[in-house]
>>> print(open('upload08.txt').read())   # compact mmCIF, C-alpha atoms and all ligand atoms
# COMPACT_ATOMS: atom_id res chain seq x y z
CA MET D 30 0.00 0.00 0.00
CA THR D 31 1.26 3.49 -0.82
CA THR D 32 1.79 5.52 2.31
CA TYR D 33 1.02 9.11 1.53
CA LYS D 34 1.92 11.34 4.45
CA SER D 35 2.64 14.66 2.77
CA ASP D 36 6.27 14.24 3.78
CA HIS D 37 7.24 16.86 1.22
CA TYR D 38 5.69 19.36 3.67
CA GLN D 39 8.41 18.63 6.25
CA PRO D 40 10.72 21.62 6.74
CA GLU D 41 13.75 19.52 5.65
CA TYR D 42 12.14 19.15 2.24
CA GLN D 43 12.76 22.89 1.78
CA ASP D 44 10.68 24.03 -1.20
CA SER D 45 7.97 21.41 -0.59
CA LEU D 46 7.83 20.64 -4.29
CA VAL D 47 7.86 17.18 -5.83
CA PRO D 48 10.15 16.38 -7.48
CA THR D 49 13.20 17.86 -5.76
CA LEU D 50 16.70 16.64 -6.56
CA VAL D 51 19.38 17.11 -3.91
CA HIS D 52 22.83 16.91 -5.48
CA ASP D 53 26.02 17.73 -3.59
CA GLY D 54 23.83 19.05 -0.79
CA ARG D 55 22.01 21.55 -3.01
CA PRO D 56 18.32 21.26 -3.94
CA VAL D 57 17.25 21.58 -7.57
CA ILE D 58 13.51 22.00 -8.28
CA GLN D 59 11.24 21.98 -11.37
CA SER D 60 11.37 18.70 -13.27
CA SER D 61 12.54 20.13 -16.62
CA ASN D 62 15.23 22.07 -14.80
CA ILE D 63 16.27 18.90 -12.95
CA ALA D 64 16.53 16.97 -16.25
CA GLU D 65 18.63 19.73 -17.80
CA TYR D 66 20.81 19.94 -14.68
CA LEU D 67 21.46 16.18 -14.81
CA ASP D 68 22.34 16.46 -18.50
CA GLU D 69 24.92 19.13 -17.67
CA VAL D 70 26.40 17.26 -14.70
CA PHE D 71 26.41 13.87 -16.46
CA PRO D 72 26.82 14.81 -20.15
CA ASP D 73 27.24 11.28 -21.51
CA PRO D 74 24.97 10.30 -23.18
CA PRO D 75 23.81 13.81 -24.16
CA LEU D 76 20.09 14.58 -23.73
CA LYS D 77 19.97 17.45 -26.22
CA PRO D 78 19.65 16.84 -29.96
CA GLU D 79 22.24 18.31 -32.33
CA GLY D 80 21.69 21.50 -34.34
CA PRO D 81 19.58 24.64 -33.91
CA VAL D 82 16.42 23.28 -35.56
CA LEU D 83 16.14 20.25 -33.29
CA ARG D 84 17.23 22.31 -30.27
CA ALA D 85 14.39 24.77 -31.01
CA GLN D 86 11.94 21.86 -31.18
CA MET D 87 13.36 20.53 -27.93
CA ARG D 88 12.70 23.88 -26.19
CA GLU D 89 9.27 24.21 -27.77
CA TRP D 90 8.11 20.88 -26.31
CA MET D 91 9.64 21.51 -22.91
CA LYS D 92 7.74 24.81 -22.79
CA GLU D 93 4.57 23.18 -24.10
CA GLU D 94 4.68 20.76 -21.18
CA GLU D 95 5.22 23.50 -18.60
CA GLU D 96 2.82 26.10 -19.95
CA PHE D 97 -0.05 24.00 -21.22
CA LEU D 98 0.03 20.26 -20.61
CA PHE D 99 1.06 20.34 -16.94
CA ARG D 100 -1.60 22.95 -16.12
CA LEU D 101 -4.32 21.02 -17.91
CA ILE D 102 -3.30 17.85 -16.08
CA VAL D 103 -3.52 19.74 -12.76
CA THR D 104 -7.10 20.85 -13.58
CA LEU D 105 -8.09 17.32 -14.56
CA SER D 106 -6.34 15.67 -11.60
CA PHE D 107 -7.75 17.97 -8.94
CA ASN D 108 -11.27 17.57 -10.27
CA THR D 109 -11.06 13.79 -10.42
CA MET D 110 -8.47 11.49 -8.79
CA MET D 111 -7.12 13.97 -6.22
CA LYS D 112 -10.55 14.12 -4.60
CA MET D 113 -10.12 10.44 -3.79
CA ARG D 114 -7.32 11.52 -1.48
CA ALA D 115 -9.79 13.55 0.57
CA ALA D 116 -12.02 10.48 0.84
CA ALA D 117 -9.11 8.14 1.62
CA TYR D 118 -7.42 10.18 4.35
CA GLY D 119 -10.16 12.54 5.51
CA MET D 120 -9.88 16.32 5.49
CA ASP D 121 -8.85 16.48 9.16
CA GLN D 122 -5.76 14.39 8.49
CA LEU D 123 -4.90 16.32 5.32
CA ALA D 124 -5.38 19.64 7.12
CA GLN D 125 -3.11 18.43 9.93
CA TRP D 126 -0.33 17.48 7.47
CA SER D 127 -0.83 20.78 5.64
CA ARG D 128 0.00 22.76 8.79
CA ARG D 129 3.66 21.78 8.27
CA HIS D 130 3.71 23.41 4.81
CA PRO D 131 6.17 26.33 4.74
CA ASP D 132 3.92 28.20 2.29
CA GLN D 133 0.52 28.31 4.01
CA ALA D 134 -1.19 30.04 1.08
CA ARG D 135 -0.25 27.09 -1.14
CA ALA D 136 -1.36 24.62 1.54
CA GLN D 137 -4.76 26.29 1.85
CA ASP D 138 -5.15 26.37 -1.91
CA TYR D 139 -4.46 22.61 -2.01
CA LEU D 140 -7.03 21.89 0.73
CA GLU D 141 -9.64 24.00 -1.01
CA ARG D 142 -9.09 22.38 -4.39
CA ILE D 143 -9.16 18.87 -2.93
CA SER D 144 -12.36 19.43 -0.93
CA SER D 145 -14.48 21.56 -3.29
CA PRO D 146 -17.07 19.87 -5.53
CA ALA D 147 -15.77 18.73 -8.92
CA ASP D 148 -16.04 21.43 -11.57
CA LEU D 149 -17.25 19.36 -14.49
CA ASP D 150 -17.26 22.33 -16.89
CA ALA D 151 -13.56 22.88 -16.14
CA VAL D 152 -12.93 19.16 -16.73
CA ALA D 153 -14.70 19.26 -20.11
CA ALA D 154 -12.82 22.40 -21.18
CA ALA D 155 -9.44 20.99 -20.04
CA GLU D 156 -10.12 17.67 -21.76
CA LYS D 157 -10.83 19.47 -25.03
CA LYS D 158 -7.66 21.56 -24.79
CA LEU D 159 -5.59 18.53 -23.78
CA ARG D 160 -6.83 16.64 -26.82
CA TRP D 161 -5.79 19.56 -29.05
CA HIS D 162 -2.26 19.64 -27.57
CA MET D 163 -1.88 15.85 -27.79
CA GLU D 164 -2.89 15.96 -31.46
CA ARG D 165 -0.19 18.57 -31.96
CA LEU D 166 2.27 16.21 -30.25
CA ASP D 167 1.14 13.37 -32.51
CA ASN D 168 1.88 15.61 -35.46
CA GLN D 169 5.34 16.39 -34.07
CA PHE D 170 6.08 12.64 -33.96
CA ARG D 171 4.93 12.30 -37.57
CA GLN D 172 7.11 15.21 -38.67
CA SER D 173 10.19 14.16 -36.69
CA GLY D 174 9.80 10.55 -37.83
CA GLY D 175 9.97 9.40 -34.17
CA PRO D 176 10.38 7.30 -32.17
CA TRP D 177 11.19 10.30 -29.93
CA VAL D 178 9.90 13.88 -29.91
CA CYS D 179 12.94 15.20 -31.77
CA GLY D 180 13.30 12.16 -34.05
CA GLY D 181 15.89 9.44 -33.57
CA VAL D 182 17.50 10.80 -30.41
CA PHE D 183 15.99 10.46 -26.93
CA SER D 184 16.15 13.94 -25.42
CA LEU D 185 14.90 16.25 -22.66
CA PRO D 186 11.30 16.75 -23.92
CA ASP D 187 10.76 12.98 -23.88
CA ILE D 188 11.58 13.02 -20.18
CA CYS D 189 9.38 16.07 -19.49
CA LEU D 190 6.38 14.67 -21.35
CA ALA D 191 6.59 11.21 -19.77
CA GLY D 192 4.88 12.42 -16.59
CA VAL D 193 1.98 13.85 -18.59
CA VAL D 194 1.48 10.61 -20.49
CA ASP D 195 1.69 8.63 -17.25
CA ARG D 196 -0.97 10.81 -15.59
CA ILE D 197 -3.28 10.56 -18.61
N1 LIG D 201 6.21 22.17 -12.95
C1 LIG D 201 6.72 21.66 -11.69
C2 LIG D 201 5.57 21.34 -10.79
C3 LIG D 201 5.92 20.87 -9.43
C4 LIG D 201 4.65 20.64 -8.63
O1 LIG D 201 3.67 21.38 -8.74
N2 LIG D 201 4.64 19.57 -7.87
C5 LIG D 201 3.46 19.23 -7.08
C6 LIG D 201 3.19 17.76 -7.18
S1 LIG D 201 2.88 17.35 -8.86
C7 LIG D 201 3.76 19.58 -5.62
O2 LIG D 201 4.83 19.29 -5.15
N3 LIG D 201 2.80 20.19 -4.95
C8 LIG D 201 2.94 20.50 -3.55
C9 LIG D 201 2.70 21.96 -3.29
O3 LIG D 201 2.56 22.76 -4.22
O4 LIG D 201 2.68 22.29 -2.10
C10 LIG D 201 7.61 20.44 -11.96
O5 LIG D 201 7.39 19.78 -12.98
O6 LIG D 201 8.51 20.15 -11.17
>>> encode(input="upload08.txt", output="structure tokens")
Amino acid sequence: MTTYKSDHYQPEYQDSLVPTLVHDGRPVIQSSNIAEYLDEVFPDPPLKPEGPVLRAQMREWMKEEEEFLFRLIVTLSFNTMMKMRAAAYGMDQLAQWSRRHPDQARAQDYLERISSPADLDAVAAAEKKLRWHMERLDNQFRQSGGPWVCGGVFSLPDICLAGVVDRI
């Protein structure tokens, strides 16, 4: 059984964001930033495609994940599966864990989103937008020839988009 205890709200977790990488005692946050950091620290094999055209595509899809796909997934998740967390643990327990959060505004926002009734209009709108972005991604695979976002080389956007695909 998964034991969810909001341990990322402990003060030692610092920024309280998942994922956080601690390397040489220093925390690195934001998943795309972590992937790029690891590529710089461990450059072999490289995780950036060669040449300005493919590099531009790489950046485009990393941004697409951050600016659109991740946000849509948050809307969909909080209106569906995340509400199961409220049922599973109870709001009293979640509120108790949330008191450890260093950013109380964020903690309150989380509690509100997890306990409010599902906004089915927001779900329908997010689903429609998500479909549009995933069709665009499909098209990118067709144009690059696959099997990866930028063609034959596995690179940073493949890592960034994996979480989105997993959550879908
Ligand atoms: N775009 C960021 C998002 C990080 C993020 O929002 N993580 C969530 C879990 S998916 C979190 O830690 N939430 C706890 C909070 O905001 O207090 C990334 O990819 O690293």
>>> residues_near_ligand(input="upload08.txt", ligand="ligand LIG 201 (chain D)", cutoff="8 Å", atoms="all atoms listed in the file", output="JSON, numbers by chain")
{"D": [37, 38, 45, 46, 47, 48, 49, 58, 59, 60, 61, 62, 95, 99, 103, 130, 132, 135, 136, 139, 189]}
>>> residues_around(input="upload08.txt", residues="D:Pro74", least_positions_apart="4", cutoff="12 Å", atoms="only C-alpha atoms", output="compact mmCIF listing (two decimals) with C-alpha atoms, in the coordinates of the input")
# COMPACT_ATOMS: atom_id res chain seq x y z
CA LEU D 67 21.46 16.18 -14.81
CA ASP D 68 22.34 16.46 -18.50
CA GLU D 69 24.92 19.13 -17.67
CA VAL D 70 26.40 17.26 -14.70
CA PRO D 78 19.65 16.84 -29.96
CA VAL D 182 17.50 10.80 -30.41
CA PHE D 183 15.99 10.46 -26.93
CA SER D 184 16.15 13.94 -25.42
CA LEU D 185 14.90 16.25 -22.66
>>> atom_distance(input="upload08.txt", atom1="atom CA of D:Val82", atom2="atom CA of D:Ala64")
20.3 Å
>>> closest_residue(input="upload08.txt", among="D:Ala85, D:Leu76, D:Trp90, D:Asp148", to="D:Thr109", atoms="all atoms listed in the file")
D:Asp148
>>> atom_distance(input="upload08.txt", atom1="atom CA of D:Gly54", atom2="atom CA of D:Asp36")
18.8 Å
>>> atom_distance(input="upload08.txt", atom1="atom CA of D:Val193", atom2="atom CA of D:Trp177")
15.0 Å
